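S.K.: I have a structure here, written as structure tokens, and I will follow up with some questions on it.
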Amino acid sequence: MTGQGQYDFKKRASAVMANIVQFENVGLRYGTGQETLSDISFTLASGSFYFLTGASGAGKTSLLKLLYLAQRPTRGLIRLFGEDAVTLPRKRLPGFRRRIGVVFQDFRLVPHLSAYDNIALPLRVSGVPESDIEAPVREMLAWVGLTERAKAKPPTLSGGEQQRVAIARAVIGRPEMLVADEPTGNVDPDMAERLLHLFDSLNRLGTTVVVATHDFHLLGRIPNAHMMRLDSGKLLDPTGSLRFPPPKPA
Amino acid sequence: MAVKLVPSAADRRLLDESRGTRAMTWIMAIMLFLTVLAGALGLGTRSAAVLLGRQLAGRLTVQIVEPVEAQRSAQTTAAVAALRRLPEVTRVREVDRAELTSLLRPWLGSDGADPDLPIPALIDVDLGSTSDATLARVARAVAAVAPTARLDRQESWMSPVADFMTMVTGLAFALVMLMAAATAAVVILAARAGLETHRDTIEVLHMLGSTDVQVSRLFQRRIALDTFFGGVLGTVLAGGMVVLIGMQLRALGSDLLSGLTLGTGDWLLLALMPVAFALLATLAARAAVTGALGRIL
Ligand SMILES: Nc1ncnc2c1ncn2[C@@H]1O[C@H](COP(=O)(O)OP(=O)(O)O)[C@@H](O)[C@H]1O
Ligand SMILES: [Mg+2]
């Protein structure tokens with residue numbers, strides 16, 4: 001979002017002050033019902049950290065889908081990495097998607113691949129040579145605490161473990177933008193904090209992070225995060241000036 | 001993911017292939033078995049027809065139908081001499097009476113051996129050229145010395161056989177084409193079924209930025225390899241069968257059927273069938289997969 005205003009104390013070298021995402025009057029309608037998202041307008045500053053909150057069914061997942069190009073809007077304008085994402089020809093989508101890391105709400109792990117192979121997938125898709133894959137995958141496995149489970153297939157992992165694999169897969173390619181849909185929904189508070197720290201580290205390296213969550217405990221953990229609130233498909237405070245933690249009344 | 005014929009271990013794991021879809025290999029073995037048999041039949045009859053044509057082209061039979069024995073033999077001798085003088089004639093041979101009677105025995109019984117029975121004299125003639133002008137000159141030369149002579153071009157009385165062979169050849173090649181079309185259809189169905197089976201994996205790959213070409217490569221490589229190995233199996237079996245049939249045909253000792261042989265080029269062509277079909281399968285799989293992927297975002 002633009003207008004970090006008086007609260008913007010960030011001094012991150014890699015945070016180029018350009019907008020990585022711009023939504024203007026975006027609407028999304030599934031089928032013929034009423035709009036799931038209406039009049040969504042906001043901008044995301046490159047290198048910033050955003051939380052997207054809202055009640056279940058508010059449209060968080062739908063908004064993120066527009067962001068990671070799994071869905072085209074029914075109206076409005078979306079610019080991504082400085083280009084019009086609405087009319088982006090289909091054959092250019094893969095190139096854009098490789099720049100975005102996604103933690104899906106339902107993980108979307110490939111069930112017959114080991115945790116190791118699931119995490120390695122984005123690198124293989126991008127054509128990284130096999131010799132350059134092992135080290136980063138091992139590093140990610142260690143980060144999410146799954147070194148021992150590298151060979152395990154997702155169906156034999158707990159919900160929390162699957163979620164960590166999904167997160168490792170999303171961040172391994174050092175994406176320009178990380179989109180995470182309730183990434184701490186299935187882990188205990190300690191692990192949630194650890195994962196958030198991982199996102200923060202990535203953010204410090206320059207990745208723009210968007211985390212949808214309804215876990216209010218998380219919101220205070222990232223000092224300079226912005227917050228976007230969705231309510232019944234509409235964005236509250238689209239100026240983005242709302243910040244967490246809220247300034248304490250004097 | 002560079003262009004590789006053999007998928008990397010990681011690529012192989014990507015589409016869960018433990019769920020055996022190896023039925024494809026067997027289907028392709030059957031397809032190629034039938035295709036190679038049809039192809040061998042086509043190539044065999046084609047070479048037999050070529051051989052027959054070459055043997056019959058420029059072959060004439062001169063019949064002297066004079067009923068009086070003395071005049072018949074005089075005319076025959078004169079006709080042979082006249083034919084020998086013509087430069088276009090490469091060979092002249094009078095069919096002797098003993099040979100003729102043995103040929104006629106099935107129709108005439110032992111009466112055929114009766115020296116009083118008038119049997120036309122036959123002269124086999126090979127011509128160096130088959131042009132109409134040559135034929136006319138030969139006919140004039142013979143008619144001048146043997147007024148009762150009749151000329152038969154062997155080509156014309158063998159033409160139904162040649163037509164039959166042409167038809168068999170055409171039919172066999174049409175069968176090969178049909179098998180190719182059926183193979184492409186099977187591949188397209190298999191690719192579509194594969195897409196359905198692996199839908200979730202493919203969606204994930206898409207979201208991670210896989211291109212349609214990358215995804216279709218996973219399928220097309222699998223299908224190409226199945227087609228190739230199944231095809232090689234079918235081709236080897238069919239080849240063995242063709243060799244066996246060839247041996248049987250030669251044992252029959254028929255002039256006509258022994259022309260049904262395959263040359264080195266023909267064998268090479270048959271051996272290339274699995275490669276050609278694997279290529280065809282690859283293209284069909286790619287078309288099916290990219291077509292289906294084009295429908296998802
Ligand atoms: N693919 C879909 N087809 C139809 N309706 C959908 C689809 N996805 C979400 N919705 C509807 O859109 C609304 C918002 O859903 P969602 O974006 O998942 O909200 P949240 O992630 O905030 O819980 C819900 O009412 C949901 O039923
Ligand atoms: Mg959701």
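Letters A, B, ... go to the chains of the structure tokens in the order shown; residues in each chain start at 1; ligands are counted from 1 in the same order.
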Compute the set of chain A residues within 7 Å of chain B, using only C-alpha atoms, and express it as a list of chain:residue names.
M.R.: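 On the chain A side, the interface is A:Ala70, A:Arg90, A:Pro94, A:Gly95, A:Arg97, A:Arg98, A:Arg108, A:Val110, A:His112, A:Leu113, A:Pro122, A:Val125, A:Gly127.
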S.K.: Can you tell me, as a ChimeraX atom specification, what residues are no more than 8 Å from A:Phe81 when counting only C-alpha atoms, ignoring any on the same chain fewer than 3 positions away?
M.R.: /A:19-21
S.K.: Please produce a file of those selected residues containing C-alpha atoms, as a PDB file, in the first residue's frame.
M.R.:
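What ended up in result-v3.pdb:
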ATOM      1  CA  ASN A  19       4.693  -0.626  -6.242  1.00  0.00           C
ATOM      2  CA  ILE A  20       4.916  -4.302  -6.952  1.00  0.00           C
ATOM      3  CA  VAL A  21       1.115  -4.681  -7.011  1.00  0.00           C
TER       4      VAL A  21
END
S.K.: For ligand 2, return the neighbouring residues as a PyMOL selection string (distance at most 7 Å; only C-alpha atoms and all ligand atoms).
M.R.: chain A and resi 56-57+59-61+105+181
S.K.: Enumerate as number ranges by chain the residues within 12 Å of ligand 1, counting only C-alpha atoms and all ligand atoms.
M.R.: A: 27-38, 52-66, 70-72, 104-106, 180-183, 211-214, 229-235
S.K.: Measure the distance from atom CA of A:Gly160 to atom CA of A:Asn186 in Å and round it to one decimal.
M.R.: 4.8 Å
S.K.: Counting only C-alpha atoms, what is within 9 Å of stretch 81-87 of chain B, bar same-chain residues fewer than 2 positions away, as a CSV table (one decimal) with N, CA and C atoms, in the first residue's frame?
M.R.:
chain,number,residue,atom,x,y,z
B,76,THR,N,6.7,-72.6,-88.7
B,76,THR,CA,7.3,-72.4,-87.4
B,76,THR,C,8.8,-72.1,-87.6
B,77,THR,N,9.4,-73.0,-88.4
B,77,THR,CA,10.9,-72.8,-88.6
B,77,THR,C,11.1,-71.4,-89.2
B,78,ALA,N,10.3,-71.0,-90.2
B,78,ALA,CA,10.4,-69.7,-90.9
B,78,ALA,C,10.2,-68.6,-89.9
B,79,ALA,N,9.2,-68.8,-89.1
B,79,ALA,CA,9.0,-67.7,-88.1
B,79,ALA,C,10.1,-67.5,-87.1
B,89,VAL,N,14.7,-58.5,-80.9
B,89,VAL,CA,14.4,-59.8,-80.3
B,89,VAL,C,15.7,-60.3,-79.6
B,90,THR,N,15.6,-60.6,-78.3
B,90,THR,CA,16.7,-61.0,-77.5
B,90,THR,C,16.8,-62.5,-77.4
B,91,ARG,N,15.7,-63.1,-77.5
B,91,ARG,CA,15.7,-64.6,-77.3
B,91,ARG,C,14.5,-65.2,-78.0
B,92,VAL,N,14.7,-66.3,-78.7
B,92,VAL,CA,13.6,-67.0,-79.3
B,92,VAL,C,13.7,-68.5,-78.9
B,125,VAL,N,9.1,-65.6,-77.1
B,125,VAL,CA,10.0,-64.5,-77.6
B,125,VAL,C,10.2,-63.5,-76.5
B,128,GLY,N,13.7,-56.8,-76.6
B,128,GLY,CA,14.5,-55.9,-75.8
B,128,GLY,C,13.7,-54.6,-75.6
B,137,ARG,N,6.4,-54.3,-85.8
B,137,ARG,CA,7.4,-54.9,-86.7
B,137,ARG,C,7.5,-56.4,-86.5
B,138,VAL,N,7.5,-56.8,-85.2
B,138,VAL,CA,7.6,-58.3,-85.0
B,138,VAL,C,6.4,-59.0,-85.6
B,141,ALA,N,6.8,-59.2,-89.4
B,141,ALA,CA,7.9,-60.1,-89.8
B,141,ALA,C,7.3,-61.6,-89.7
B,142,VAL,N,6.6,-61.8,-88.6
B,142,VAL,CA,6.0,-63.2,-88.4
B,142,VAL,C,5.0,-63.5,-89.5
B,144,ALA,N,4.6,-62.4,-92.4
B,144,ALA,CA,5.1,-62.5,-93.7
B,144,ALA,C,5.4,-64.0,-94.0
B,145,VAL,N,5.9,-64.7,-93.0
B,145,VAL,CA,6.4,-66.1,-93.3
B,145,VAL,C,5.4,-67.1,-92.7
